[in-house]
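Encoded as structure tokens, the structure appears first; notes follow it.
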Amino acid sequence: MEKPNEEVEGSIEHPSISTDILEMVKRDQEMRKTGEMDIEIDKENVEKLKTIITEIGWPTELLVGREAADQVWLIVQHADQDPEFQKQCLDLIRENTDGLNEEIGYLTDRVRTNLNQPQLYGTQFGDDKDGNWGPLPIKDIEHLESRRVEAGFEPNSYEEYKNHMMNLYQELKEKE
């Protein structure tokens with residue numbers, strides 16, 4: 001039997017919302033690990049998160065606990081069917097976070113690529129106009145590493161990250 005989340009049972013303001021967020025993230029990650037994408041899970045998660053935000057505002061640590069607050073950005077990250085919602089959430093995250101961090105970097109890139117703008121941190125990959133899979137366009141690539149360090153990514157990590165992403169893509173292609 002799983003150990004109950006003590007934080008959820010503790011002093012956070014909305015323990016049931018915390019549980020809901022953690023369940024949404026669990027479904028999101030389980031679906032992605034299988035490689036069988038189900039856009040309906042993403043849509044359901046977005047609608048639930050919109051309701052949560054309307055009810056309590058951005059789910060901060062004080063409101064939903066550390067684990068749920070740390071993971072809720074994944075729901076937004078995968079809300080590609082609603083880039084305006086992603087952008088609104090990015091603004092809410094920035095308002096409720098001290099400075100720049102990796103999650104903000106990932107979501108910034110996701111929002112920018114969904115709005116057909118070049119990314120800033122090199123986190124997003126996909127097919128280019130010729131159908132070749134790789135990093136999506138990056139703004140001012142000469143300063144990419146300094147932006148990544150500022151956002152909390154490991155120094156000189158872009159090439160490692162790029163290689164990792166290319167290997168993951170190759171593994172998925174081989175499974176098809």
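Letters A, B, ... mark the chains of the structure tokens in the order given; residue numbers begin at 1 per chain; ligand numbers begin at 1, in order shown.
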Spatial neighbours of Lys43 of chain A, max dist 12 Å, only C-alpha atoms, sep filter under 6 positions, as a ChimeraX atom specification: /A:24,28,37,49-50,75-76,78-82,85
Selected residues, all heavy atoms, written as a compact mmCIF listing (two decimals), in the first residue's frame, please.
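Full text of again-v5.txt as output:
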```
# COMPACT_ATOMS: atom_id res chain seq x y z
N MET A 24 -3.34 14.21 -12.06
CA MET A 24 -3.24 14.70 -13.44
C MET A 24 -1.83 14.50 -13.98
O MET A 24 -1.64 14.03 -15.11
CB MET A 24 -3.63 16.18 -13.49
CG MET A 24 -5.10 16.45 -13.23
SD MET A 24 -5.49 18.17 -12.77
CE MET A 24 -4.69 19.13 -14.02
N ASP A 28 -0.54 12.12 -17.05
CA ASP A 28 0.25 12.76 -18.11
C ASP A 28 1.54 11.98 -18.35
O ASP A 28 1.88 11.64 -19.49
CB ASP A 28 0.55 14.20 -17.70
CG ASP A 28 1.52 14.89 -18.62
OD1 ASP A 28 2.75 14.69 -18.47
OD2 ASP A 28 1.07 15.66 -19.48
N MET A 37 0.44 8.66 -27.38
CA MET A 37 -0.10 9.96 -27.01
C MET A 37 -1.62 9.96 -27.10
O MET A 37 -2.20 9.44 -28.04
CB MET A 37 0.49 11.04 -27.92
CG MET A 37 2.02 11.13 -27.85
SD MET A 37 2.62 11.41 -26.18
CE MET A 37 2.09 13.08 -25.95
N LEU A 49 -7.20 22.12 -14.85
CA LEU A 49 -6.30 23.16 -14.35
C LEU A 49 -6.93 24.54 -14.48
O LEU A 49 -6.78 25.38 -13.59
CB LEU A 49 -4.94 23.10 -15.05
CG LEU A 49 -3.89 24.06 -14.52
CD1 LEU A 49 -3.68 23.90 -13.01
CD2 LEU A 49 -2.57 23.85 -15.26
N LYS A 50 -7.65 24.79 -15.56
CA LYS A 50 -8.35 26.08 -15.70
C LYS A 50 -9.34 26.27 -14.55
O LYS A 50 -9.44 27.38 -14.00
CB LYS A 50 -9.08 26.14 -17.05
CG LYS A 50 -8.17 26.38 -18.23
CD LYS A 50 -8.97 26.42 -19.52
CE LYS A 50 -8.07 26.69 -20.72
NZ LYS A 50 -8.83 26.74 -21.99
N ILE A 75 1.60 20.05 -16.68
CA ILE A 75 0.29 20.10 -17.32
C ILE A 75 0.26 21.24 -18.34
O ILE A 75 -0.21 21.09 -19.46
CB ILE A 75 -0.84 20.27 -16.28
CG1 ILE A 75 -0.81 19.14 -15.25
CG2 ILE A 75 -2.20 20.40 -16.95
CD1 ILE A 75 -0.90 17.75 -15.81
N VAL A 76 0.80 22.38 -17.93
CA VAL A 76 0.85 23.54 -18.82
C VAL A 76 1.80 23.27 -19.99
O VAL A 76 1.49 23.59 -21.14
CB VAL A 76 1.28 24.80 -18.05
CG1 VAL A 76 1.33 26.00 -18.97
CG2 VAL A 76 0.35 25.05 -16.87
N HIS A 78 2.39 20.65 -21.50
CA HIS A 78 1.80 19.75 -22.49
C HIS A 78 0.44 20.24 -23.00
O HIS A 78 -0.27 19.48 -23.65
CB HIS A 78 1.69 18.35 -21.90
CG HIS A 78 3.03 17.78 -21.57
ND1 HIS A 78 3.27 17.00 -20.47
CD2 HIS A 78 4.23 17.90 -22.20
CE1 HIS A 78 4.55 16.66 -20.44
NE2 HIS A 78 5.16 17.20 -21.47
N ALA A 79 0.11 21.49 -22.76
CA ALA A 79 -1.17 22.07 -23.20
C ALA A 79 -1.02 22.71 -24.58
O ALA A 79 -1.52 23.81 -24.83
CB ALA A 79 -1.66 23.09 -22.18
N ASP A 80 -0.36 22.01 -25.50
CA ASP A 80 -0.06 22.58 -26.81
C ASP A 80 -1.29 22.96 -27.61
O ASP A 80 -1.22 23.80 -28.50
CB ASP A 80 0.79 21.60 -27.62
CG ASP A 80 2.17 21.41 -27.01
OD1 ASP A 80 2.72 22.38 -26.45
OD2 ASP A 80 2.70 20.29 -27.08
N GLN A 81 -2.43 22.35 -27.31
CA GLN A 81 -3.65 22.67 -28.02
C GLN A 81 -4.19 24.04 -27.61
O GLN A 81 -5.09 24.56 -28.24
CB GLN A 81 -4.71 21.58 -27.82
CG GLN A 81 -5.34 21.54 -26.43
CD GLN A 81 -4.49 20.80 -25.40
OE1 GLN A 81 -3.37 20.38 -25.64
NE2 GLN A 81 -5.05 20.63 -24.20
N ASP A 82 -3.60 24.65 -26.58
CA ASP A 82 -4.07 25.94 -26.07
C ASP A 82 -2.89 26.85 -25.72
O ASP A 82 -2.61 27.11 -24.55
CB ASP A 82 -4.97 25.71 -24.85
CG ASP A 82 -5.81 26.92 -24.50
OD1 ASP A 82 -5.48 28.04 -24.93
OD2 ASP A 82 -6.80 26.73 -23.76
N PHE A 85 -3.44 29.72 -23.27
CA PHE A 85 -3.48 29.28 -21.87
C PHE A 85 -2.05 29.08 -21.35
O PHE A 85 -1.73 29.48 -20.22
CB PHE A 85 -4.30 27.99 -21.74
CG PHE A 85 -4.31 27.41 -20.35
CD1 PHE A 85 -4.93 28.08 -19.31
CD2 PHE A 85 -3.71 26.19 -20.10
CE1 PHE A 85 -4.94 27.54 -18.03
CE2 PHE A 85 -3.72 25.64 -18.83
CZ PHE A 85 -4.34 26.32 -17.79
```
Using DSSP secondary structure from the backbone, list all strand (DSSP E or B) positions within segment 10-155 of chain A, as an MDAnalysis selection string. chainID A and resid 119 125:127 133:135 138
For Glu176 of chain A, list every protein, DNA or RNA residue within 12 Å, evaluated using only C-alpha atoms, and leave out those in the same chain fewer than 5 positions away; present the list as a list in words. Gly35, Glu36, Tyr169, Gln170 and Glu171 of chain A
All residues 12 Å or closer to Asn156 of chain A, only C-alpha atoms, same chain fewer than 2 positions away omitted, as a PDB file with N, CA and C atoms, in the first residue's frame:
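File around_11.pdb, as written:
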```pdb
ATOM      1  N   TYR A 121      15.981  28.817 -25.101  1.00  0.00           N
ATOM      2  CA  TYR A 121      16.803  27.924 -24.293  1.00  0.00           C
ATOM      3  C   TYR A 121      17.115  26.594 -24.963  1.00  0.00           C
ATOM      4  N   HIS A 143      24.450  33.110 -27.915  1.00  0.00           N
ATOM      5  CA  HIS A 143      24.309  33.368 -26.483  1.00  0.00           C
ATOM      6  C   HIS A 143      23.417  32.336 -25.785  1.00  0.00           C
ATOM      7  N   LEU A 144      23.184  31.214 -26.454  1.00  0.00           N
ATOM      8  CA  LEU A 144      22.319  30.169 -25.913  1.00  0.00           C
ATOM      9  C   LEU A 144      22.797  29.675 -24.552  1.00  0.00           C
ATOM     10  N   GLU A 145      24.079  29.320 -24.450  1.00  0.00           N
ATOM     11  CA  GLU A 145      24.578  28.757 -23.183  1.00  0.00           C
ATOM     12  C   GLU A 145      24.446  29.746 -22.028  1.00  0.00           C
ATOM     13  N   SER A 146      24.703  31.013 -22.261  1.00  0.00           N
ATOM     14  CA  SER A 146      24.592  31.976 -21.158  1.00  0.00           C
ATOM     15  C   SER A 146      23.133  32.124 -20.718  1.00  0.00           C
ATOM     16  N   ARG A 147      22.192  32.084 -21.673  1.00  0.00           N
ATOM     17  CA  ARG A 147      20.779  32.130 -21.294  1.00  0.00           C
ATOM     18  C   ARG A 147      20.396  30.879 -20.513  1.00  0.00           C
ATOM     19  N   ARG A 148      20.908  29.714 -20.951  1.00  0.00           N
ATOM     20  CA  ARG A 148      20.592  28.462 -20.265  1.00  0.00           C
ATOM     21  C   ARG A 148      21.128  28.487 -18.822  1.00  0.00           C
ATOM     22  N   VAL A 149      22.334  28.985 -18.632  1.00  0.00           N
ATOM     23  CA  VAL A 149      22.910  29.070 -17.280  1.00  0.00           C
ATOM     24  C   VAL A 149      22.063  30.010 -16.421  1.00  0.00           C
ATOM     25  N   GLU A 150      21.668  31.146 -16.987  1.00  0.00           N
ATOM     26  CA  GLU A 150      20.840  32.110 -16.257  1.00  0.00           C
ATOM     27  C   GLU A 150      19.515  31.483 -15.808  1.00  0.00           C
ATOM     28  N   GLY A 152      19.109  28.353 -15.050  1.00  0.00           N
ATOM     29  CA  GLY A 152      19.316  27.243 -14.127  1.00  0.00           C
ATOM     30  C   GLY A 152      19.669  25.926 -14.787  1.00  0.00           C
ATOM     31  N   PHE A 153      19.822  25.922 -16.104  1.00  0.00           N
ATOM     32  CA  PHE A 153      20.289  24.710 -16.765  1.00  0.00           C
ATOM     33  C   PHE A 153      21.779  24.552 -16.463  1.00  0.00           C
ATOM     34  N   GLU A 154      22.246  23.323 -16.492  1.00  0.00           N
ATOM     35  CA  GLU A 154      23.666  23.078 -16.223  1.00  0.00           C
ATOM     36  C   GLU A 154      24.531  23.781 -17.273  1.00  0.00           C
ATOM     37  N   TYR A 158      23.865  22.215 -23.399  1.00  0.00           N
ATOM     38  CA  TYR A 158      22.999  22.127 -24.560  1.00  0.00           C
ATOM     39  C   TYR A 158      23.376  20.964 -25.469  1.00  0.00           C
ATOM     40  N   GLU A 159      24.646  20.784 -25.747  1.00  0.00           N
ATOM     41  CA  GLU A 159      25.041  19.683 -26.642  1.00  0.00           C
ATOM     42  C   GLU A 159      24.669  18.330 -26.041  1.00  0.00           C
ATOM     43  N   GLU A 160      24.854  18.190 -24.717  1.00  0.00           N
ATOM     44  CA  GLU A 160      24.455  16.947 -24.056  1.00  0.00           C
ATOM     45  C   GLU A 160      22.948  16.751 -24.146  1.00  0.00           C
ATOM     46  N   TYR A 161      22.196  17.809 -23.906  1.00  0.00           N
ATOM     47  CA  TYR A 161      20.736  17.741 -23.976  1.00  0.00           C
ATOM     48  C   TYR A 161      20.296  17.400 -25.406  1.00  0.00           C
ATOM     49  N   LYS A 162      20.895  18.052 -26.369  1.00  0.00           N
ATOM     50  CA  LYS A 162      20.559  17.806 -27.776  1.00  0.00           C
ATOM     51  C   LYS A 162      20.842  16.342 -28.133  1.00  0.00           C
TER      52      LYS A 162
END
```
Atom CA of Lys139 of chain A and atom CA of Leu74 of chain A, how far apart in Å? 23.5 Å
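The nearest approach to Leu63 of chain A among the residues A:Leu120, A:Ile21, A:Ala151, A:Leu107, with only C-alpha atoms taken into account, belongs to A:Ile21.
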Would you pick out the contacts of His14 of chain A at 7 Å or less, using only C-alpha atoms, so that residues sharing its chain but fewer than 2 positions from it are not included, and give the list as a PDB file with N, CA and C atoms, in the first residue's frame?
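So selection.pdb came out as:
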```pdb
ATOM      1  N   ILE A  12      -1.420  22.390   4.218  1.00  0.00           N
ATOM      2  CA  ILE A  12      -1.688  23.129   2.987  1.00  0.00           C
ATOM      3  C   ILE A  12      -3.172  23.479   2.914  1.00  0.00           C
ATOM      4  N   SER A  16      -7.244  18.542  -1.349  1.00  0.00           N
ATOM      5  CA  SER A  16      -7.913  17.778  -2.415  1.00  0.00           C
ATOM      6  C   SER A  16      -7.457  18.243  -3.791  1.00  0.00           C
ATOM      7  N   ILE A  17      -7.184  19.525  -3.941  1.00  0.00           N
ATOM      8  CA  ILE A  17      -6.667  20.037  -5.216  1.00  0.00           C
ATOM      9  C   ILE A  17      -5.251  19.517  -5.430  1.00  0.00           C
ATOM     10  N   SER A  18      -4.465  19.450  -4.359  1.00  0.00           N
ATOM     11  CA  SER A  18      -3.122  18.872  -4.461  1.00  0.00           C
ATOM     12  C   SER A  18      -3.200  17.448  -4.995  1.00  0.00           C
ATOM     13  N   LEU A  63      -0.625  26.790  -1.209  1.00  0.00           N
ATOM     14  CA  LEU A  63      -1.997  26.366  -1.510  1.00  0.00           C
ATOM     15  C   LEU A  63      -2.135  24.860  -1.692  1.00  0.00           C
ATOM     16  N   VAL A  64      -1.146  24.236  -2.383  1.00  0.00           N
ATOM     17  CA  VAL A  64      -1.298  22.820  -2.748  1.00  0.00           C
ATOM     18  C   VAL A  64      -0.129  21.942  -2.327  1.00  0.00           C
TER      19      VAL A  64
END
```
Counting only C-alpha atoms, what is within 9 Å of Ala68 of chain A, bar same-chain residues fewer than 5 positions away, as a list in words?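 Close residues of Ala68 of chain A: Ile17, Ser18, Thr19, Asp20, Ile21, Leu22, Val25, Pro59, Thr60 and Glu61 of chain A.
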Grab the residues selected above and save them as a compact mmCIF listing (two decimals), in the first residue's frame with C-alpha atoms.
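Generated output (result-v1.txt):
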```
# COMPACT_ATOMS: atom_id res chain seq x y z
CA ILE A 17 -6.67 20.04 -5.22
CA SER A 18 -3.12 18.87 -4.46
CA THR A 19 -4.28 15.28 -4.87
CA ASP A 20 -6.05 16.19 -8.13
CA ILE A 21 -2.92 17.86 -9.54
CA LEU A 22 -0.71 14.93 -8.63
CA VAL A 25 0.56 14.70 -13.60
CA PRO A 59 -1.39 26.55 -7.35
CA THR A 60 1.52 27.63 -5.16
CA GLU A 61 3.29 25.59 -2.49
```
Distance in Å - atom CA of Arg66 of chain A versus atom CA of Met31 of chain A: 23.2 Å
